[in-house]
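Below is one structure, written out as structure tokens, with a few remarks after it.
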Amino acid sequence: MPETVHDVTLGGTTLKQCEAADYMANAEAARHRASGAPAAALIRANKAEPVARFQSGDLQGVIAAMLASVNALHVAAGSIVIPYKKRATGGTYEGSSAHFTLSGTHAMNVCTEISATHQDPKGAMATVETHFYSSDGLTEPVAENTGQSVSTESFNRAYALGECDVNGSAIEFLVSARVITGKTVVKAGWAPGLYPQKVWIEEIDPKIELTFEDFDAMASYSALFAAMTSAAVHFRRLADAGSYVAALTAEHARFSLGAGLWVAQGLSAKAQARGQATIVLEGKTLTSSAASAVALSS
């Protein structure tokens with residue numbers, strides 16, 4: 001039967017509200033031939049760098065585990081479990097001991113971006129990558145398991161695109177925002193290993209990409225480059241049986257940059273469609289919070 005997503009275990013952290021869970025083995029074979037022979041005489045495993053990628057609506061959980069005070073969530077000799085729940089004919093899901101999981105014990109988990117588009121029913125999403133590595137370079141870093149039980153899924157909070165300001169002034173007619181953490185992950189392994197043995201973050205270059213429908217805002221800064229003193233984008237917490245939690249309640253997600261550079265990307269307009277402008281705000285340090293009130297300058 002087909003499978004679908006479930007809460008993911010990353011060490012002591014549970015990644016909730018998963019909308020997508022993709023696994024890439026990144027496995028590579030090598031072939032060896034006799035002199036001048038067109039056909040291979042030997043085929044062997046050469047290397048693999050397995051990575052899993054998730055999209056989660058639990059911004060609060062992601063911020064707490066991977067952004068607020070650390071650059072990544074490192075799991076060493078721990079438990080990483082990616083469950084895929086099996087569907088049941090005539091019902092919803094199979095019972096216990098019927099599901100498929102991927103598991104590992106060593107990985108670095110990095111939030112790569114947080115994004116939202118206005119009135120997207122899914123709301124704001126955090127993208128998380130899990131980079132598996134091997135304890136010795138030869139032990140497979142990922143295992144596939146059948147007949148597994150899964151815990152009961154849980155829900156934390158949901159968010160949607162909110163307000164944004166640059167240099168103390170609000171960006172009007174905001175359509176979408178992408179907070180890109182800019183973390184470059186590097187992996188290394190050594191002979192005779194097949195798999196990475198060490199994983200680290202080499203560079204951190206955060207940026208915020210904004211798309212809006214107000215060309216005048218481009219003119220307010222620059223057609224190409226402009227100095228940025230500060231920038232912030234909010235993702236408002238959603239209220240059950242309502243719309244948003246009150247703006248001044250400190251329960252919204254906020255991502256901010258200090259001094260940096262405004263970089264224009266371009267303008268686009270077609271026929272009767274509404275034109276859109278896109279900019280990228282290049283920063284040095286990204287600050288994240290899931291306990292922010294929304295009070296922007298106009």
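Chain labels follow the order of the structure tokens: the first chain is A, the next B, and so on; residue numbering restarts at 1 in every chain, and ligands are counted from 1 in their shown order.
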task: Name the residues in contact with Met1 of chain A at a cut-off of 9 Å, using only C-alpha atoms, excluding same-chain residues fewer than 5 positions from it; report them as a list of chain:residue names.
output: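 Once the nearby chain positions are removed, what remains is A:Lys86, A:Arg87, A:Ala88, A:Thr89.
Omitting Leu267 of chain A and its sequence neighbours fewer than 4 positions away, and counting only C-alpha atoms, the residues within 7 Å are A:Gln276, A:Ala277, A:Thr278.
With only C-alpha atoms as the atoms that count, the minimum distance from Thr112 of chain A to the choices A:Gly61, A:Gly12, A:Gly242, A:Pro206 is reached by A:Pro206.
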task: Please give the complete set of residues from segment 12-255 of chain A that DSSP, run on the backbone, assigns to helix (DSSP H, G or I), formatted as a list in words.
output: Leu59, Gln60, Gly61, Val62, Ile63, Ala64, Ala65, Met66, Leu67, Phe215, Asp216, Ala217, Met218, Ala219, Ser220 and Tyr221 of chain A
field: Residues near Leu15 of chain A, cut-off 8 Å, only C-alpha atoms, skip fewer than 5 positions along chain, as a list in words
entry: Asp7, Val8, Thr9, Leu10, Ser56, Asp58, Gly61 and Val62 of chain A
field: Distance query segment 132-139 of chain A at most 8 Å, only C-alpha atoms, self and fewer than 2 positions along chain excluded, as a PyMOL selection string
entry: chain A and resi 49-51+104+106-108+130+141-142+189-190+192-199
List every residue of segment 106-165 of chain A that has an atom at most 9 Å from any atom of segment 221-234 of chain A, and for each one report the closest atom pair and its distance in Å to one decimal, counting only C-alpha atoms, with rows sorted by chain and then by increasing residue number, as JSON lines.
```
{"residue": "A:Ala160", "atom": "CA", "partner": "A:His234", "partner_atom": "CA", "distance": 8.7}
{"residue": "A:Leu161", "atom": "CA", "partner": "A:His234", "partner_atom": "CA", "distance": 6.7}
{"residue": "A:Gly162", "atom": "CA", "partner": "A:His234", "partner_atom": "CA", "distance": 4.9}
{"residue": "A:Glu163", "atom": "CA", "partner": "A:His234", "partner_atom": "CA", "distance": 5.3}
{"residue": "A:Cys164", "atom": "CA", "partner": "A:Val233", "partner_atom": "CA", "distance": 4.2}
{"residue": "A:Asp165", "atom": "CA", "partner": "A:Ala232", "partner_atom": "CA", "distance": 5.5}
```
message: Give me, as a ChimeraX atom specification, all polymer residues having an atom no more than 12 Å from Arg237 of chain A, counting only C-alpha atoms and skipping those fewer than 5 positions away in the same chain.
response: /A:57-60,123-124,156-162,242-254,290-294
Suppose we keep N, CA and C atoms; can you now write the selection as an mmCIF file, in the first residue's frame?
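New file out_21.cif:
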```
data_model
loop_
_atom_site.group_PDB
_atom_site.id
_atom_site.type_symbol
_atom_site.label_atom_id
_atom_site.label_comp_id
_atom_site.auth_asym_id
_atom_site.auth_seq_id
_atom_site.Cartn_x
_atom_site.Cartn_y
_atom_site.Cartn_z
ATOM 1 N N GLY A 57 5.377 22.942 8.953
ATOM 2 C CA GLY A 57 4.705 24.169 9.349
ATOM 3 C C GLY A 57 4.973 24.568 10.780
ATOM 4 N N ASP A 58 5.748 23.764 11.510
ATOM 5 C CA ASP A 58 6.043 24.045 12.918
ATOM 6 C C ASP A 58 7.236 24.985 13.034
ATOM 7 N N LEU A 59 7.030 26.247 12.696
ATOM 8 C CA LEU A 59 8.127 27.214 12.744
ATOM 9 C C LEU A 59 8.689 27.369 14.144
ATOM 10 N N GLN A 60 7.824 27.339 15.147
ATOM 11 C CA GLN A 60 8.305 27.500 16.519
ATOM 12 C C GLN A 60 9.285 26.381 16.876
ATOM 13 N N GLY A 123 0.100 27.892 4.472
ATOM 14 C CA GLY A 123 0.762 28.808 5.376
ATOM 15 C C GLY A 123 2.266 28.823 5.190
ATOM 16 N N ALA A 124 2.966 29.256 6.218
ATOM 17 C CA ALA A 124 4.431 29.345 6.165
ATOM 18 C C ALA A 124 5.047 27.968 6.375
ATOM 19 N N ASN A 156 1.524 21.715 16.734
ATOM 20 C CA ASN A 156 2.003 22.785 17.601
ATOM 21 C C ASN A 156 1.339 24.109 17.218
ATOM 22 N N ARG A 157 1.898 24.821 16.251
ATOM 23 C CA ARG A 157 1.354 26.097 15.802
ATOM 24 C C ARG A 157 1.443 26.187 14.283
ATOM 25 N N ALA A 158 0.640 27.081 13.716
ATOM 26 C CA ALA A 158 0.707 27.346 12.283
ATOM 27 C C ALA A 158 0.863 28.840 12.063
ATOM 28 N N TYR A 159 1.477 29.195 10.932
ATOM 29 C CA TYR A 159 1.795 30.593 10.645
ATOM 30 C C TYR A 159 1.485 30.922 9.183
ATOM 31 N N ALA A 160 1.321 32.217 8.923
ATOM 32 C CA ALA A 160 1.128 32.697 7.554
ATOM 33 C C ALA A 160 1.942 33.971 7.369
ATOM 34 N N LEU A 161 2.110 34.377 6.115
ATOM 35 C CA LEU A 161 2.904 35.569 5.809
ATOM 36 C C LEU A 161 2.339 36.792 6.500
ATOM 37 N N GLY A 162 3.219 37.547 7.128
ATOM 38 C CA GLY A 162 2.826 38.775 7.802
ATOM 39 C C GLY A 162 3.463 39.990 7.161
ATOM 40 N N GLY A 242 -10.548 31.217 13.859
ATOM 41 C CA GLY A 242 -10.435 32.654 13.651
ATOM 42 C C GLY A 242 -9.496 32.937 12.493
ATOM 43 N N SER A 243 -8.673 33.956 12.624
ATOM 44 C CA SER A 243 -7.712 34.282 11.574
ATOM 45 C C SER A 243 -6.300 34.294 12.160
ATOM 46 N N TYR A 244 -5.939 35.431 12.802
ATOM 47 C CA TYR A 244 -4.608 35.556 13.385
ATOM 48 C C TYR A 244 -4.696 35.774 14.886
ATOM 49 N N VAL A 245 -3.663 35.348 15.585
ATOM 50 C CA VAL A 245 -3.471 35.778 16.964
ATOM 51 C C VAL A 245 -3.219 37.283 16.944
ATOM 52 N N ALA A 246 -3.674 37.996 17.950
ATOM 53 C CA ALA A 246 -3.547 39.459 18.000
ATOM 54 C C ALA A 246 -2.112 39.898 17.729
ATOM 55 N N ALA A 247 -1.971 40.968 16.933
ATOM 56 C CA ALA A 247 -0.653 41.410 16.478
ATOM 57 C C ALA A 247 0.298 41.697 17.637
ATOM 58 N N LEU A 248 -0.203 42.289 18.716
ATOM 59 C CA LEU A 248 0.673 42.684 19.817
ATOM 60 C C LEU A 248 0.946 41.550 20.801
ATOM 61 N N THR A 249 0.382 40.364 20.539
ATOM 62 C CA THR A 249 0.693 39.195 21.354
ATOM 63 C C THR A 249 2.033 38.630 20.898
ATOM 64 N N ALA A 250 2.910 38.377 21.836
ATOM 65 C CA ALA A 250 4.274 37.934 21.490
ATOM 66 C C ALA A 250 4.301 36.440 21.183
ATOM 67 N N GLU A 251 3.618 36.055 20.092
ATOM 68 C CA GLU A 251 3.580 34.655 19.684
ATOM 69 C C GLU A 251 3.820 34.485 18.188
ATOM 70 N N HIS A 252 4.302 35.534 17.536
ATOM 71 C CA HIS A 252 4.539 35.477 16.100
ATOM 72 C C HIS A 252 6.017 35.183 15.824
ATOM 73 N N ALA A 253 6.302 34.672 14.636
ATOM 74 C CA ALA A 253 7.685 34.396 14.240
ATOM 75 C C ALA A 253 8.268 35.616 13.546
ATOM 76 N N ARG A 254 9.506 35.923 13.863
ATOM 77 C CA ARG A 254 10.165 37.108 13.302
ATOM 78 C C ARG A 254 11.593 36.752 12.919
ATOM 79 N N ALA A 290 10.369 33.103 17.870
ATOM 80 C CA ALA A 290 8.983 32.667 17.754
ATOM 81 C C ALA A 290 8.134 33.286 18.856
ATOM 82 N N ALA A 291 8.617 34.349 19.453
ATOM 83 C CA ALA A 291 7.908 35.027 20.540
ATOM 84 C C ALA A 291 7.945 36.531 20.317
ATOM 85 N N SER A 292 7.509 36.947 19.142
ATOM 86 C CA SER A 292 7.587 38.350 18.761
ATOM 87 C C SER A 292 6.179 38.935 18.565
ATOM 88 N N ALA A 293 6.033 40.189 18.950
ATOM 89 C CA ALA A 293 4.836 40.943 18.617
ATOM 90 C C ALA A 293 5.041 41.631 17.283
ATOM 91 N N VAL A 294 3.953 41.972 16.597
ATOM 92 C CA VAL A 294 4.028 42.646 15.305
ATOM 93 C C VAL A 294 3.708 44.104 15.522
#
```
I'd like a table as a tab-separated table: residues in segment 171-280 of chain A with an atom no more than 9 Å from segment 69-83 of chain A, each row giving the shortest atom pair and its distance in Å to one decimal, only C-alpha atoms counted, sorted by chain and rising residue number.
```
residue	atom	partner	partner_atom	distance
A:Lys183	CA	A:Asn71	CA	8.3
A:Ile201	CA	A:Asn71	CA	8.1
A:Ile204	CA	A:Asn71	CA	8.9
```
Keeping only C-alpha atoms, take the residues you just selected and write them out as a PDB file, in the first residue's frame.
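Wrote again_6.pdb, looks like this:
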```pdb
ATOM      1  CA  LYS A 183      24.335  27.784   5.484  1.00  0.00           C
ATOM      2  CA  ILE A 201      28.868  24.353   8.198  1.00  0.00           C
ATOM      3  CA  ILE A 204      26.674  31.384   6.724  1.00  0.00           C
TER       4      ILE A 204
END
```
Near Glu209 of chain A, within 6 Å and counting only C-alpha atoms, which residues show up once chain neighbours fewer than 6 positions away are dropped, as a compact mmCIF listing (two decimals) with N, CA and C atoms, in the first residue's frame?
```txt
# COMPACT_ATOMS: atom_id res chain seq x y z
N ALA A 177 7.62 35.91 0.79
CA ALA A 177 8.91 36.14 1.46
C ALA A 177 9.62 34.81 1.64
N ARG A 178 10.91 34.83 1.40
CA ARG A 178 11.77 33.67 1.65
C ARG A 178 12.93 34.10 2.54
N ILE A 279 13.20 41.77 -4.67
CA ILE A 279 14.48 42.23 -4.13
C ILE A 279 15.07 41.15 -3.25
N VAL A 280 16.37 41.22 -3.03
CA VAL A 280 17.05 40.35 -2.06
C VAL A 280 17.78 41.25 -1.07
```
